[in-house]
Structures are given as C-alpha cells and as structure tokens.
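Here's coords-v4.txt, which has compact mmCIF, C-alpha atoms:
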# COMPACT_ATOMS: atom_id res chain seq x y z
CA MET A 1261 -12.24 25.95 7.63
CA THR A 1262 -14.95 23.37 8.29
CA GLY A 1263 -13.93 19.75 8.61
CA PRO A 1264 -14.16 17.25 5.76
CA ALA A 1265 -17.32 15.39 4.77
CA ALA A 1266 -17.06 11.72 5.76
CA ARG A 1267 -18.30 8.95 3.51
CA ARG A 1268 -18.15 5.15 3.52
CA ILE A 1269 -17.23 3.54 0.19
CA ALA A 1270 -18.07 -0.11 -0.48
CA VAL A 1271 -15.63 -2.19 -2.53
CA ASP A 1272 -16.89 -4.98 -4.77
CA GLY A 1273 -15.12 -8.20 -3.93
CA ALA A 1274 -15.00 -11.33 -1.84
CA ASP A 1275 -13.99 -9.62 1.41
CA GLY A 1276 -16.73 -6.97 1.26
CA ALA A 1277 -14.38 -4.19 2.32
CA GLU A 1278 -15.60 -0.71 3.20
CA LEU A 1279 -13.31 2.28 3.14
CA ALA A 1280 -13.59 5.44 5.21
CA SER A 1281 -13.15 8.52 3.02
CA TYR A 1282 -13.04 12.25 3.68
CA GLN A 1283 -13.75 15.00 1.18
CA TRP A 1284 -12.98 18.71 0.91
CA GLY A 1285 -13.96 21.32 -1.66
CA ALA A 1286 -16.67 21.66 -4.28
CA SER A 1287 -17.73 18.49 -6.09
CA THR A 1288 -17.59 20.37 -9.42
CA ALA A 1289 -13.87 21.20 -9.04
CA PRO A 1290 -11.09 19.06 -10.57
CA PRO A 1291 -10.81 15.85 -8.50
CA VAL A 1292 -7.71 14.94 -6.50
CA VAL A 1293 -7.38 11.66 -4.58
CA LEU A 1294 -4.70 11.36 -1.88
CA VAL A 1295 -3.45 7.89 -0.92
CA HIS A 1296 -1.51 7.48 2.33
CA GLY A 1297 1.29 5.10 3.22
CA TYR A 1298 2.48 2.99 6.14
CA PRO A 1299 1.79 3.19 9.07
CA ASP A 1300 -0.41 6.20 8.38
CA THR A 1301 -4.08 7.02 7.89
CA SER A 1302 -5.76 9.66 5.75
CA ALA A 1303 -5.05 12.13 8.57
CA VAL A 1304 -1.49 12.43 7.28
CA TRP A 1305 -2.91 14.30 4.26
CA ARG A 1306 -5.14 16.77 6.06
CA PRO A 1307 -2.72 19.77 6.00
CA VAL A 1308 -2.29 19.32 2.23
CA ALA A 1309 -6.00 18.66 1.59
CA GLU A 1310 -7.01 21.83 3.38
CA ARG A 1311 -4.65 23.86 1.19
CA LEU A 1312 -6.01 22.32 -2.02
CA ALA A 1313 -9.70 22.53 -1.11
CA ASP A 1314 -10.30 26.03 -2.46
CA ARG A 1315 -9.49 24.88 -6.02
CA PHE A 1316 -9.97 21.10 -6.09
CA HIS A 1317 -12.40 18.42 -4.96
CA VAL A 1318 -10.08 16.52 -2.64
CA THR A 1319 -10.60 13.00 -1.31
CA ALA A 1320 -8.40 11.17 1.17
CA PHE A 1321 -9.26 7.68 2.38
CA ASP A 1322 -8.04 5.19 4.94
CA VAL A 1323 -6.57 2.26 3.02
CA ARG A 1324 -7.69 -1.22 4.00
CA GLY A 1325 -6.25 -2.21 7.36
CA ALA A 1326 -5.90 1.40 8.54
CA GLY A 1327 -7.94 3.95 10.46
CA ALA A 1328 -11.69 3.53 10.16
CA SER A 1329 -11.56 1.27 7.11
CA HIS A 1330 -12.13 -2.48 7.01
CA ARG A 1331 -9.36 -4.69 8.41
CA PRO A 1332 -9.51 -7.98 6.50
CA ARG A 1333 -7.45 -10.94 7.65
CA GLY A 1334 -4.88 -12.86 5.64
CA LEU A 1335 -2.19 -11.84 3.16
CA ARG A 1336 -4.42 -12.40 0.13
CA ALA A 1337 -6.57 -9.45 1.20
CA TYR A 1338 -3.59 -7.08 0.92
CA ARG A 1339 -2.31 -8.05 -2.51
CA MET A 1340 -1.95 -5.38 -5.17
CA SER A 1341 -5.09 -6.53 -6.99
CA ARG A 1342 -7.20 -5.82 -3.89
CA LEU A 1343 -5.52 -2.44 -3.36
CA GLU A 1344 -6.23 -1.54 -6.98
CA ALA A 1345 -9.87 -2.56 -6.52
CA ASP A 1346 -10.02 -0.20 -3.54
CA LEU A 1347 -8.69 2.71 -5.57
CA GLU A 1348 -11.15 1.90 -8.35
CA ALA A 1349 -14.03 1.98 -5.87
CA VAL A 1350 -12.90 5.39 -4.61
CA LEU A 1351 -12.66 6.79 -8.15
CA ASP A 1352 -16.08 5.36 -9.00
CA ALA A 1353 -17.57 6.99 -5.91
CA VAL A 1354 -16.01 10.45 -6.13
CA SER A 1355 -15.44 10.97 -9.87
CA PRO A 1356 -17.13 8.39 -12.09
CA ASP A 1357 -17.07 10.54 -15.23
CA ARG A 1358 -13.90 12.61 -14.92
CA PRO A 1359 -10.24 11.52 -14.72
CA VAL A 1360 -8.66 12.03 -11.30
CA HIS A 1361 -5.32 13.44 -10.23
CA VAL A 1362 -3.90 10.75 -7.93
CA VAL A 1363 -1.26 11.54 -5.31
CA GLY A 1364 0.43 8.77 -3.34
CA HIS A 1365 2.93 8.73 -0.49
CA ASP A 1366 5.01 5.75 0.66
CA TRP A 1367 2.86 2.60 0.27
CA GLY A 1368 0.07 4.78 -1.10
CA SER A 1369 2.39 5.62 -3.97
CA ILE A 1370 3.58 2.03 -4.36
CA HIS A 1371 0.07 0.69 -4.76
CA SER A 1372 -1.04 3.64 -6.93
CA TRP A 1373 1.75 2.77 -9.38
CA GLU A 1374 -0.12 -0.52 -9.91
CA SER A 1375 -3.05 1.39 -11.43
CA VAL A 1376 -0.91 4.03 -13.15
CA THR A 1377 1.02 1.31 -15.04
CA GLY A 1378 -1.88 -1.11 -15.52
CA THR A 1379 -4.91 -1.37 -17.78
CA ARG A 1380 -7.70 -1.75 -15.24
CA LEU A 1381 -8.04 2.01 -14.68
CA ALA A 1382 -6.87 3.13 -18.11
CA GLY A 1383 -8.20 6.60 -18.83
CA ARG A 1384 -9.34 7.14 -15.23
CA ILE A 1385 -6.13 8.77 -13.93
CA ALA A 1386 -5.33 12.23 -15.30
CA SER A 1387 -1.95 12.53 -13.56
CA PHE A 1388 0.08 10.89 -10.84
CA THR A 1389 2.21 12.57 -8.20
CA SER A 1390 4.46 10.05 -6.46
CA ILE A 1391 6.16 10.81 -3.14
CA SER A 1392 8.62 8.36 -1.57
CA GLY A 1393 7.08 5.25 -3.07
CA PRO A 1394 8.48 3.62 -6.23
CA CYS A 1395 6.84 1.07 -8.47
CA LEU A 1396 8.07 -2.29 -7.16
CA ASP A 1397 8.32 -3.70 -10.68
CA HIS A 1398 10.51 -0.78 -11.74
CA VAL A 1399 12.73 -1.34 -8.70
CA GLY A 1400 13.01 -5.04 -9.56
CA HIS A 1401 14.29 -4.16 -13.02
CA LEU A 1402 16.57 -1.48 -11.55
CA ILE A 1403 18.21 -3.99 -9.23
CA ARG A 1404 18.78 -6.45 -12.05
CA ALA A 1405 20.37 -3.79 -14.25
CA ARG A 1406 22.61 -2.10 -11.68
CA LEU A 1407 23.34 -4.51 -8.84
CA ARG A 1408 26.58 -5.81 -10.27
CA PRO A 1409 30.27 -5.19 -9.61
CA ARG A 1410 31.71 -1.87 -10.81
CA HIS A 1411 28.36 -0.38 -11.73
CA PRO A 1412 28.51 3.30 -10.68
CA ASP A 1413 25.13 3.07 -8.91
CA LEU A 1414 26.06 0.00 -6.85
CA PRO A 1415 27.15 1.97 -3.73
CA LYS A 1416 23.85 3.89 -3.77
CA LEU A 1417 21.87 0.68 -4.07
CA LEU A 1418 23.75 -0.85 -1.17
CA ARG A 1419 23.10 2.21 0.99
CA GLN A 1420 19.42 2.00 0.09
CA ALA A 1421 19.41 -1.70 1.01
CA ALA A 1422 20.84 -0.84 4.42
CA ARG A 1423 18.09 1.73 4.96
CA SER A 1424 15.46 -0.84 4.01
CA TRP A 1425 16.39 -3.19 6.87
CA TYR A 1426 12.86 -2.93 8.27
CA ILE A 1427 11.45 -4.77 5.23
CA ALA A 1428 13.27 -7.94 6.27
CA TYR A 1429 12.20 -7.34 9.88
CA PHE A 1430 8.55 -7.09 8.81
CA HIS A 1431 8.76 -10.60 7.37
CA LEU A 1432 9.52 -12.06 10.80
CA PRO A 1433 6.63 -13.62 12.72
CA LEU A 1434 5.11 -11.79 15.72
CA LEU A 1435 8.02 -9.44 16.47
CA PRO A 1436 7.01 -6.46 14.26
CA ALA A 1437 3.49 -6.26 15.70
CA LEU A 1438 4.82 -6.61 19.26
CA THR A 1439 7.35 -3.84 18.58
CA TRP A 1440 4.63 -1.45 17.43
CA ARG A 1441 2.45 -2.22 20.43
CA ALA A 1442 5.38 -1.60 22.78
CA LEU A 1443 6.86 1.50 21.13
CA GLY A 1444 4.00 3.05 19.15
CA HIS A 1445 3.42 5.68 21.82
CA ARG A 1446 6.81 7.18 20.95
CA TRP A 1447 5.97 7.68 17.25
CA ARG A 1448 4.87 11.30 17.59
CA ALA A 1449 8.06 12.19 19.45
CA PHE A 1450 10.08 10.57 16.67
CA LEU A 1451 8.27 12.57 13.98
CA THR A 1452 8.56 15.90 15.76
CA GLY A 1453 12.10 15.31 16.94
CA SER A 1454 13.73 14.02 13.75
CA GLN A 1455 11.33 14.58 10.84
CA GLY A 1456 10.41 18.24 11.26
CA VAL A 1457 6.73 17.46 11.78
CA PRO A 1458 4.89 20.12 13.83
CA ASP A 1459 3.50 18.84 17.09
CA HIS A 1460 0.01 20.19 16.37
CA THR A 1461 -0.63 18.09 13.24
CA PRO A 1462 -3.64 15.69 13.29
CA TYR A 1463 -1.33 12.69 13.19
CA PRO A 1464 -0.63 10.00 14.22
CA ALA A 1465 -4.09 8.51 14.58
CA PRO A 1466 -5.11 6.83 17.86
CA THR A 1467 -5.24 3.58 15.86
CA LEU A 1468 -1.50 3.70 15.07
CA ALA A 1469 -0.48 0.41 16.72
CA ARG A 1470 -3.34 -1.52 15.07
CA ASP A 1471 -2.74 0.18 11.72
CA ALA A 1472 0.95 -0.69 11.83
CA ALA A 1473 0.28 -4.31 12.78
CA SER A 1474 -2.31 -4.75 10.01
CA GLY A 1475 -0.19 -2.93 7.42
CA ILE A 1476 2.71 -5.34 7.79
CA ALA A 1477 0.67 -7.56 5.45
CA LEU A 1478 1.35 -5.06 2.64
CA TYR A 1479 5.04 -5.95 2.78
CA ARG A 1480 4.54 -9.67 3.17
CA ALA A 1481 1.97 -9.96 0.38
CA ASN A 1482 3.70 -7.87 -2.27
CA MET A 1483 7.33 -6.98 -1.72
CA LEU A 1484 9.21 -10.18 -2.58
CA PRO A 1485 6.94 -11.39 -5.42
CA ARG A 1486 7.30 -8.09 -7.28
CA LEU A 1487 11.02 -7.58 -6.69
CA LEU A 1488 11.90 -11.16 -7.62
CA ARG A 1489 9.60 -11.34 -10.67
CA PRO A 1490 9.21 -7.80 -11.99
CA ARG A 1491 6.83 -7.19 -14.88
CA HIS A 1492 7.05 -4.80 -17.82
CA ARG A 1493 5.09 -1.76 -16.54
CA PRO A 1494 5.11 1.31 -18.81
CA THR A 1495 2.56 4.13 -18.52
CA THR A 1496 1.18 7.00 -20.56
CA VAL A 1497 -0.01 8.84 -17.43
CA PRO A 1498 1.95 12.06 -16.75
CA VAL A 1499 4.07 11.51 -13.62
CA GLN A 1500 5.50 13.97 -11.11
CA LEU A 1501 8.08 12.74 -8.61
CA ILE A 1502 8.29 14.80 -5.43
CA ILE A 1503 11.60 13.73 -3.93
CA PRO A 1504 12.34 14.57 -0.27
CA THR A 1505 16.11 14.85 -0.30
CA ARG A 1506 16.48 13.91 3.39
CA ASP A 1507 14.21 10.86 3.24
CA PHE A 1508 15.70 8.20 5.52
CA CYS A 1509 13.54 5.43 4.00
CA VAL A 1510 13.53 6.02 0.25
CA THR A 1511 16.62 7.49 -1.40
CA PRO A 1512 16.65 9.02 -4.92
CA VAL A 1513 18.35 5.94 -6.41
CA LEU A 1514 15.00 4.11 -6.39
CA SER A 1515 13.70 6.59 -8.96
CA TYR A 1516 16.60 6.10 -11.35
CA GLY A 1517 15.47 4.93 -14.76
CA VAL A 1518 11.80 5.82 -14.31
CA GLU A 1519 12.10 7.82 -17.53
CA HIS A 1520 12.29 4.44 -19.30
CA TRP A 1521 8.74 3.63 -18.17
CA THR A 1522 6.90 6.90 -18.78
CA ARG A 1523 7.00 9.41 -21.61
CA GLN A 1524 6.11 12.35 -19.38
CA ILE A 1525 7.86 12.89 -16.08
CA GLN A 1526 9.15 15.73 -13.96
CA ARG A 1527 11.23 15.57 -10.79
CA ARG A 1528 10.65 18.05 -7.96
CA PRO A 1529 13.10 17.76 -5.05
CA ILE A 1530 12.19 19.23 -1.66
CA ASP A 1531 14.65 19.66 1.20
CA ALA A 1532 12.65 17.59 3.67
CA GLY A 1533 12.32 14.22 5.34
CA HIS A 1534 10.03 11.29 4.61
CA TRP A 1535 6.79 12.86 5.93
CA VAL A 1536 7.12 15.90 3.70
CA GLN A 1537 3.34 16.41 3.48
CA LEU A 1538 3.32 17.13 7.21
CA SER A 1539 6.55 19.11 7.49
CA HIS A 1540 6.11 21.11 4.23
CA PRO A 1541 2.38 21.00 3.38
CA GLU A 1542 2.42 24.35 1.57
CA GLU A 1543 5.15 23.25 -0.82
CA VAL A 1544 3.58 19.86 -1.45
CA ALA A 1545 0.13 21.36 -2.08
CA SER A 1546 1.60 23.95 -4.42
CA ARG A 1547 3.40 21.35 -6.53
CA ILE A 1548 0.34 19.10 -6.70
CA ALA A 1549 -1.78 22.07 -7.79
CA GLU A 1550 0.71 23.28 -10.41
CA PHE A 1551 1.00 19.84 -11.93
CA ALA A 1552 -2.76 19.21 -11.94
CA ASP A 1553 -3.44 22.66 -13.44
CA ARG A 1554 -1.04 21.94 -16.27
CA ILE A 1555 -2.76 18.65 -17.07
CA GLU A 1556 -6.22 20.23 -16.79
CA GLU A 1557 -5.21 22.94 -19.23
CA GLY A 1558 -3.98 20.29 -21.66
CA SER A 1559 -7.27 18.39 -21.31
CA ARG A 1560 -9.29 21.53 -22.08
CA ARG A 1561 -7.35 21.88 -25.32
CA SER A 1562 -7.93 18.17 -26.11
CA PRO A 1563 -11.27 16.96 -24.63
CA ASP A 1564 -10.36 13.29 -25.13
CA HIS A 1565 -8.11 13.57 -22.01
CA THR A 1566 -5.11 12.10 -23.79
CA ALA A 1567 -1.74 12.85 -22.28
CA HIS A 1568 0.15 15.97 -23.24
CA PRO A 1569 3.81 16.91 -22.99
CA ILE A 1570 4.80 18.53 -19.72
structure tokens encoding of this file:
Amino acid sequence: MTGPAARRIAVDGADGAELASYQWGASTAPPVVLVHGYPDTSAVWRPVAERLADRFHVTAFDVRGAGASHRPRGLRAYRMSRLEADLEAVLDAVSPDRPVHVVGHDWGSIHSWESVTGTRLAGRIASFTSISGPCLDHVGHLIRARLRPRHPDLPKLLRQAARSWYIAYFHLPLLPALTWRALGHRWRAFLTGSQGVPDHTPYPAPTLARDAASGIALYRANMLPRLLRPRHRPTTVPVQLIIPTRDFCVTPVLSYGVEHWTRQIQRRPIDAGHWVQLSHPEEVASRIAEFADRIEEGSRRSPDHTAHPI
C-alpha cells in the first residue's frame, strides 16, 4: 500500500495554527477522522487507517503541540475551544458537505467529546467512536454522584484515582518535561514489553519528548476546570465505546452513566491494553467500520442525516 497523502490545514484563530494531516482512500468514500491522544502523533493510527482505506476516506492529523503540527505557547492555546476549532478546520478541509465519522483515543477522545456534546459542530459528526477517553464533564458529574461513603462504585473510583496519579504529576512545574526528556527513549520498550505493541509499528514518533512536553498543557488547561465545574453535556450523536479491558490508564468505571448523556450507545470491550489501536488494529478497524456502516445505512434511508437507533 502506498503511503498517505500529506496536507497542511490552516486553523482560523489568533494563534494561526497549522495542522499536519494525512489521508488514505478515495475522497468519494465515507469520511473517517482519527484523533490521537497523549503523548502520541497521528502515526499511532496508521495500522488502523491502512485497514480502513479500502472502504473509507480516512484522515489522521497531528493535534496542536504534536508531530509536525504547530506548537503554540501558553495554556490558553490548549483549551478545549481551541481544540474544537482544530477539529472544525479538519472537517472543513476534508469533508465540508458530508458528516464525518470521528474516532478518538485518549486525549483525542476527550477533546472530541467537546464537539460531540456541543453545538458548534452540530450536524457535522455522523458518529463517534470513543476509545479510552471520557468526556471530562461526564466524569465530573460521575464523581459528584458516586464519590460518597457506601456507594457501590466508590472502590472502583478510588482505584481509578490511584491509576490517574500522573495527572497530579503533570501539574507540577518543570519535572514532567524533564522526566520525558530523560526517559523518553525507553517508551518503545515500555509499549512492546507491557502493552502488546509490535516492535515494527510506526510509533513512537522521533518527536516524542517534545510532543510529551508540549502536551502537558492539555492537562493543565482543561482537567481541573472541567472536573470541578462540569457542564450539562448531552448528545444526539450515536456513540460507540471501545473499551480495552486491560487499560492501565482508563478503567471502565469512567464510562459508567454515559447512557444518561446519549440516546444511542453501544459498548464494545476488547481484551487489550491502552494502545489497542496498535496492539489490535484489525479488531479496532473492524468495529469502526461496522459502526460507520450502520450509521451510513441509516443516513441513506433518511437523507437528512438525523440519528437512528443502533
């Protein structure tokens, strides 16, 4: 298979960001946009993109601060509103007239939830597949409802809190970036040794240490404000949750109660670790394709692209 077509996408806004994007498949096919997480680049999606390319027009892009995309300075540049503007620019560039199937992993899923549950891109997202990245507003409400004595989910929430220790660490000055610069060269060994990631995958990118240092701003700019002051964020977009059951970062408890926020949802567990798109690309691609096909079939029956029961 030939490599992807590269394209720079300009984002309207004060910081004049440009995003590096990569596309596979025929432009007339149903569009799929893949959004990566932390500390990744679009390369983390390549095994999945290549498996989808025969049936879909697939786009993966480096989010701001990562890979070949713009690296703005300051926390303001990494707030959810800027991330949503980036996704809007990508949708405008690759599919201005047709709703897109969005797939997000880790922080890519977290910031995609912003558009899935908001009004800015209403009607632009045909479906959403979320992998290991909850809506922070939903988590804020979850904590308020269940973090109390004798609640049956309290032990699970406490275990999740213990696994999220790195979030507090990322709020410390200097140390997180220094840690990545000192230990980043061991990241591939960690992924292959404990996450089931094949050694031949096109990841991590050579920019890993810089990407990780820049991406810390995602946590500092968004995590506490959303968890402490969660908003009401329902959606009519059909949602698929792919849940890696051996994810050491994001446990299933963070998806509890999502049914309250969306009318159409399906859960698809996979026996895998956090980087499931690298360790099990065939399964992930298959589930994305099945879900998108179902929504496309519903849209053909109703050309207004309104949501349909799953």
Residue nearest Val1292 (chain A) among A:Val1304, A:Ala1277, A:Val1318, A:Leu1347 (counting all atoms listed in the file):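 Of A:Val1304, A:Ala1277, A:Val1318, A:Leu1347, the one nearest Val1292 (chain A) is A:Val1318, counting all atoms listed in the file.
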Quick one: distance from CA of His1398 (chain A) to CA of Val1293 (chain A) in Å, one decimal?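 Interatomic distance, CA of His1398 (chain A) to CA of Val1293 (chain A): 22.9 Å.
Considering the residues A:Ala1266, A:Pro1458, A:Ile1502, A:Thr1439 and counting only C-alpha atoms, Ser1546 (chain A) has its shortest atom-to-atom contact with A:Ile1502.
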Quick one: residues within 7 Å of Ser1515 (chain A), all atoms listed in the file, excluding same-chain residues fewer than 3 positions away - as a PyMOL selection string? chain A and resi 1394+1512+1518
Taking all atoms listed in the file into account, produce a table as CSV in which each residue of region 1290-1347 of chain A with an atom at most 9 Å from an atom of region 1549-1558 of chain A appears once, together with its shortest atom pair and the distance in Å to one decimal, ordered by chain and rising number.
residue,atom,partner,partner_atom,distance
A:Pro1290,CA,A:Glu1556,CA,8.0
A:Val1292,CA,A:Ala1552,CA,8.5
A:Leu1312,CA,A:Ala1549,CA,7.2
A:Arg1315,CA,A:Ala1549,CA,8.4
A:Phe1316,CA,A:Ala1549,CA,8.4
Proximity to Gly1444 (chain A) - best of A:Val1350, A:Leu1484, A:Ala1313, A:Ala1469, all atoms listed in the file: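 Among A:Val1350, A:Leu1484, A:Ala1313, A:Ala1469, it is A:Ala1469 that comes nearest to Gly1444 (chain A).
Proximity to region 1341-1344 of chain A at 10 Å, evaluated using all atoms listed in the file and with sequence-adjacent residues fewer than 6 positions away removed, yields Val1271, Asp1272, Gly1273, Ala1274, Asp1275, Ala1277, Val1323, Arg1324, Val1350, Gly1368, His1371, Ser1372, Trp1373, Glu1374, Ser1375, Val1376, Gly1378, Arg1380, Leu1381 and Leu1478 of chain A.
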Nearest candidate to Ala1286 (chain A) (options A:Ile1530, A:Ala1386, A:Ile1391, A:Ala1265; using only C-alpha atoms):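 With only C-alpha atoms as the atom set, the closest residue is A:Ala1265.
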Provide the CA of Glu1310 (chain A) to CA of Arg1446 (chain A) distance in Å, to one decimal place.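 Value for the CA of Glu1310 (chain A)-CA of Arg1446 (chain A) distance: 26.7 Å.
Each of A:Arg1470, A:Arg1358, A:His1534, A:His1401 was compared to Arg1384 (chain A) using only C-alpha atoms, and A:Arg1358 turns out to be the nearest.
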Local residues around (-11.6, 6.4, 11.5), at most 9 Å away, using all atoms listed in the file, as a PyMOL selection string: chain A and resi 1280-1281+1301-1302+1322+1326-1329+1465+1467
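Across the structure, CA of Arg1480 (chain A) and CA of His1431 (chain A) are spaced 6.0 Å apart.
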From the list A:Ala1442, A:Val1510, A:Pro1307, A:Leu1414, which residue is nearest Ser1539 (chain A) when using all atoms listed in the file?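 With all atoms listed in the file as the atom set, the closest residue is A:Pro1307.
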Using all atoms listed in the file, which residues sit within 12 Å of Arg1311 (chain A) once same-chain residues fewer than 4 positions away are excluded, as a list in words?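 Counting all atoms listed in the file, the residues come to Met1261, Trp1284, Gly1285, Trp1305, Arg1306, Pro1307, Arg1315, Phe1316, His1317, Val1318, Gln1537, His1540, Pro1541, Glu1542, Glu1543, Val1544, Ala1545, Ser1546, Arg1547, Ile1548 and Ala1549 of chain A.
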